[in-house]
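In what follows, a single structure is set out as structure tokens and then discussed.
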Amino acid sequence: MPVGPTVISIDAFPLATQSDAWSQALGSAGLASRRPDGGAATGEVGLLRSPDGTLLMRLRSSPQEISGSGSEGGPLVVAFHVQGRGAVRRGKPVRDVAEGDVCVIDRAQPFTYEMREDFELLLLEIPRERVLMRLGRGQIQLPKVLGATVAAAAARPVMRTLALHFEQVNVADLTSAQMAVTELVVGALLAEARLKDEGATQTQAAHFRRVTSAIELRLMSSDLSMAVIAAQEVLSQRYIQKLFEMQETTFSDYVRQRRLDRARLDLADPRHGADGVAEIAFRWGFRDPAHFSRAFSAAFGVSPRAFRAATPVEPRNLLRRGRPLERSVPHNVVTVPATHEKRVAELRARAGASVCHGDNERRIAIGKDSLHWGYLSRSIPPVMRIDSGAEVVIETLTQHAYDDYDRMIKGDPAAESVFAWTRDGKTIDRRGAGPMNASILGRGAGEGFGVHIFTGPVFVNGAEPGDVLEVQILDIAPRPSSNPAFEGRCFASNVSAWWGYQYSDLLGDPKPREVITIYEVEPEGEFARALYSYRWTPQIDPFGVRHDTMDYPGVPVDHASIEKRRGVMANIRVPLRPHFGCMAVAPREAELVDSIPPGYFGGNFDNWRAGKGSTLYLPVAVPGALFSVGDGHLAQGDGEINGTALEASLTGRFRLIVHKRGQTDKSYLAGLNAPLLETKDEFVLHGFSYPNYLRDLGRNAQSEVYKKSSLSKALRSAFRSTRKFLMDAWRLDEDEALSLISVGVDFGVTQVADGNWGVHAVIRKKMFDGGEAAD
């Protein structure tokens, strides 16, 4: 059975042993680490060794120096920088490195990596003698960042693929990858050595990059020729040919291979599924289909038609939240007009003041300047600044209010302003972390890559990265309707949505379908009853975009286009559990972060236990913490199975307290790296499929997290957090913690609706004498 890599999560270790665990993990590969601030490194180490001793290693961590002392006869190492900037040095020579760079290191010599920011690094050992016998000893000075050669360009996607699928790589894959990368590295180093031997200069290398860039721009052009490129770049044809000869190819061979590469991509792309093979060949400069087929078969070992037939095609109607890897505008979506910078003056005037200071109350009211819709960001200007220990009242709006405009928006000037949308513009244009021009899916500004309406952020004076923010939830109250027809009554919406767990597992027709159910809170305020439901029908927003599903937040629902089903769930009352589904500090890893997947920063973790009287602890990632809150729920069951809870606009009263790193009297906060919820009787720890998906999944994290989440990963995360918590806070050894976890801790599914699936662990305080953590 193929053997996969061992992945060691340093964050899962008790705080006191994290530094040792990191050092031991690196030491197993002959590496050492030093952090500039002297603190402990967090992150993970992945290791895979083949039977002959070849090592593949993935490092994900925070800024630090990683060094190797040198070992006579040691292997060469190919390092691929998946994420993060830094430098590599051996003595005085220093080479800057950034995302996408491939660097070759000689382990026989001491070296140091200086990683200046959060990083992911993939290291692959290749046989020293196999490389040097072909290069000639002493010919190449290492470490070396591979330059602009064809072989180097080919090595990068191989290394990126290994990084992307690291956890699925087995020893057979490793053996094959080592052989391929070795040949590519040899080719790249030989090409660079040849340039040096033949008197090539940096100017020649720059000319080669210019020529290949010019070719890329003209690949589809019928007039692409060496003469055209020479005239454009003001170079002689003879000189250009010499540049290609230095790379052991010719101008025509290079152009043919690049065109074949592009044709191959089109054949695999479902967007070109209706295009014939001959049409694709013609697009990329092949006038004779038979010649194209022969060239394609020679290059890739399979005919174009066989290649297309073997390419798995994702169903075109498959819906998935989050940012897709490839940009495309579906043909059935009307193109959104350019972003409306001009806001309607009347809507602005109605927004009103968003921050109020009473005699003894700080309040953030609803308004266009106090909200951010569908995203978190470290760069949002704070709405309010407070000192640690201060109380603040924060009003929130549910993004589902337009499911019933009359009951949940009408008559409320602030809500009307926030949701206002005419063909001339909308008060809050950006809704999500996507592009403002909706160039990916055409849904609208922000693309709905994130849906929750957040109020904030609040800057808490003194909060710094490494600290913990304590959020005491002192009170929660629903926002009553202001419509005279329903004045004082409270309403909420539940959506059986396309992103829910049930969507592909429906029994009745039509399939698929989305169903909205509107609830009303009973006068006593302890239960809610369903009023009516309706199926979502395609809605045309004021900009003319058709929404076949609830794919964009705040789309006005034309109730004349729906059929209301009344009397649903008769004789059923839903007990209320008011809480906020989203409470977050700003993450540090990205500028705009989709509000849907939760993570170490909190966000959309959707635990109904986060109600009045509970306390949430969040690790601070940016100065001031930048606390935001939204996604009010009147009720929710564990799992949030159909996609949403009982969505409602709520107002909360909070006390925000900063616990400085190493100075808190709550020992269980030391080394906190995930949301921790405390109630009167319980501690609730949260695990996610990827606790820090923004770091762990690389530059496409906000797409990949939706594809790769699983309950097994979330359970593993929750288990590790619980083990660490018990070992840190109650000084249990590992065996004691494992026993207690099995006999006294309840694990449950928090949600399977939010991209980064969640599992929580409930630890009852009464199990411990006095209920207090150990000092």
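Letters A, B, ... go to the chains of the structure tokens in the order shown; residues in each chain start at 1; ligands are counted from 1 in the same order.
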
Shell around Arg259 (chain A) at 12 Å using only C-alpha atoms, local window under 4 positions removed, as a PyMOL selection string: chain A and resi 215-222+224+252-255+263-266+280-286+292+295-296+299

Would you tabulate, counting only C-alpha atoms, all residues of region 16-132 of chain A that have an atom at most 10 Å from an atom of region 139-163 of chain A, showing the closest pair of atoms and their distance in Å to one decimal, sorted by chain then ascending number, as a Markdown table?
```
| residue | atom | partner | partner_atom | distance |
| --- | --- | --- | --- | --- |
| A:Leu56 | CA | A:Leu162 | CA | 9.2 |
| A:Met57 | CA | A:Ala163 | CA | 9.3 |
| A:Arg58 | CA | A:Ala163 | CA | 7.4 |
| A:Leu76 | CA | A:Leu142 | CA | 9.5 |
| A:Val77 | CA | A:Pro143 | CA | 9.4 |
| A:Val78 | CA | A:Met159 | CA | 8.9 |
| A:Ala79 | CA | A:Met159 | CA | 8.6 |
| A:Phe80 | CA | A:Met159 | CA | 6.3 |
| A:His81 | CA | A:Arg160 | CA | 8.7 |
| A:Val82 | CA | A:Arg160 | CA | 6.9 |
| A:Val88 | CA | A:Pro143 | CA | 7.3 |
| A:Arg89 | CA | A:Pro143 | CA | 7.0 |
| A:Arg90 | CA | A:Pro143 | CA | 7.0 |
| A:Pro93 | CA | A:Pro143 | CA | 8.4 |
| A:Val94 | CA | A:Pro143 | CA | 8.6 |
| A:Arg95 | CA | A:Val145 | CA | 7.0 |
| A:Asp96 | CA | A:Val145 | CA | 8.3 |
| A:Val97 | CA | A:Val145 | CA | 7.5 |
| A:Gly100 | CA | A:Arg156 | CA | 6.9 |
| A:Asp101 | CA | A:Val145 | CA | 6.8 |
| A:Val102 | CA | A:Leu146 | CA | 5.8 |
| A:Cys103 | CA | A:Val145 | CA | 4.2 |
| A:Val104 | CA | A:Lys144 | CA | 5.3 |
| A:Ile105 | CA | A:Pro143 | CA | 4.5 |
| A:Asp106 | CA | A:Leu142 | CA | 6.1 |
| A:Arg107 | CA | A:Pro143 | CA | 9.5 |
| A:Gln109 | CA | A:Leu142 | CA | 8.9 |
| A:Phe111 | CA | A:Pro143 | CA | 8.0 |
| A:Thr112 | CA | A:Pro143 | CA | 9.9 |
| A:Glu120 | CA | A:Ala163 | CA | 9.0 |
| A:Leu121 | CA | A:Ala163 | CA | 8.4 |
| A:Leu122 | CA | A:Ala163 | CA | 6.4 |
| A:Leu123 | CA | A:Met159 | CA | 9.0 |
| A:Leu124 | CA | A:Met159 | CA | 8.7 |
| A:Leu132 | CA | A:Gln139 | CA | 8.9 |
```

Using only C-alpha atoms, the shortest atom-to-atom distance to Tyr690 (chain A) among A:His165, A:Arg577, A:Arg529, A:Lys713 belongs to A:Lys713

As a check of understanding: the span from CA of Ile126 (chain A) to CA of Leu164 (chain A) is 19.7 Å

Counting only C-alpha atoms, what is within 8 Å of region 300-309 of chain A, bar same-chain residues fewer than 5 positions away, as a ChimeraX atom specification? /A:264,267-268,277,293-294

Quiz item: For Ser742 (chain A), which of A:Leu711, A:Asn494, A:Asn571, A:Arg723 is the closest residue, counting only C-alpha atoms?
Solution: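 Smallest separation from Ser742 (chain A) among the options: A:Arg723.
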
Exercise. Going by DSSP on the backbone, which bits of region 381-497 of chain A are helix (DSSP H, G or I)? Write them as a ChimeraX atom specification, please.
Key: /A:401-408,413-419

Keeping only N, CA, C and O atoms, write the selected residues to a file as a CSV table (one decimal), in the first residue's frame.
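Contents of out05.csv, freshly written:
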```csv
chain,number,residue,atom,x,y,z
A,401,ALA,N,-32.8,40.0,4.9
A,401,ALA,CA,-34.0,40.9,5.2
A,401,ALA,C,-34.8,41.0,4.0
A,401,ALA,O,-36.1,41.1,4.1
A,402,TYR,N,-34.2,41.0,2.8
A,402,TYR,CA,-35.0,41.2,1.6
A,402,TYR,C,-35.9,40.0,1.2
A,402,TYR,O,-36.6,40.0,0.3
A,403,ASP,N,-35.7,38.9,2.0
A,403,ASP,CA,-36.6,37.7,1.8
A,403,ASP,C,-38.0,38.1,2.0
A,403,ASP,O,-38.9,37.5,1.5
A,404,ASP,N,-38.2,39.1,2.9
A,404,ASP,CA,-39.6,39.7,3.2
A,404,ASP,C,-39.4,41.1,3.5
A,404,ASP,O,-39.2,41.5,4.6
A,405,TYR,N,-39.4,41.9,2.4
A,405,TYR,CA,-39.1,43.4,2.6
A,405,TYR,C,-40.1,44.0,3.5
A,405,TYR,O,-39.8,44.8,4.4
A,406,ASP,N,-41.4,43.7,3.4
A,406,ASP,CA,-42.4,44.4,4.2
A,406,ASP,C,-42.2,44.2,5.7
A,406,ASP,O,-42.5,45.1,6.5
A,407,ARG,N,-41.8,43.0,6.1
A,407,ARG,CA,-41.7,42.7,7.5
A,407,ARG,C,-40.3,43.0,8.1
A,407,ARG,O,-40.2,43.3,9.3
A,408,MET,N,-39.3,43.0,7.3
A,408,MET,CA,-37.9,43.1,7.8
A,408,MET,C,-37.2,44.3,7.4
A,408,MET,O,-36.0,44.5,7.9
A,413,PRO,N,-35.7,53.3,8.5
A,413,PRO,CA,-34.9,54.2,7.6
A,413,PRO,C,-33.5,53.6,7.4
A,413,PRO,O,-33.0,53.7,6.3
A,414,ALA,N,-32.9,53.1,8.5
A,414,ALA,CA,-31.5,52.6,8.3
A,414,ALA,C,-31.5,51.4,7.4
A,414,ALA,O,-30.6,51.3,6.5
A,415,ALA,N,-32.4,50.4,7.7
A,415,ALA,CA,-32.4,49.2,6.9
A,415,ALA,C,-32.8,49.5,5.4
A,415,ALA,O,-32.2,49.0,4.5
A,416,GLU,N,-33.8,50.4,5.2
A,416,GLU,CA,-34.1,50.8,3.9
A,416,GLU,C,-32.9,51.4,3.1
A,416,GLU,O,-32.7,51.1,1.9
A,417,SER,N,-32.2,52.2,3.8
A,417,SER,CA,-31.0,52.8,3.2
A,417,SER,C,-29.9,51.8,2.8
A,417,SER,O,-29.4,51.8,1.7
A,418,VAL,N,-29.6,50.9,3.7
A,418,VAL,CA,-28.6,49.9,3.5
A,418,VAL,C,-29.0,49.0,2.3
A,418,VAL,O,-28.1,48.7,1.4
A,419,PHE,N,-30.2,48.6,2.2
A,419,PHE,CA,-30.7,47.7,1.2
A,419,PHE,C,-31.1,48.4,-0.1
A,419,PHE,O,-31.4,47.7,-1.1
```

_Residues within 12 Å of Gly374 (chain A), only C-alpha atoms, excluding chain neighbours under 4 positions, as a count of residues only_ = 37
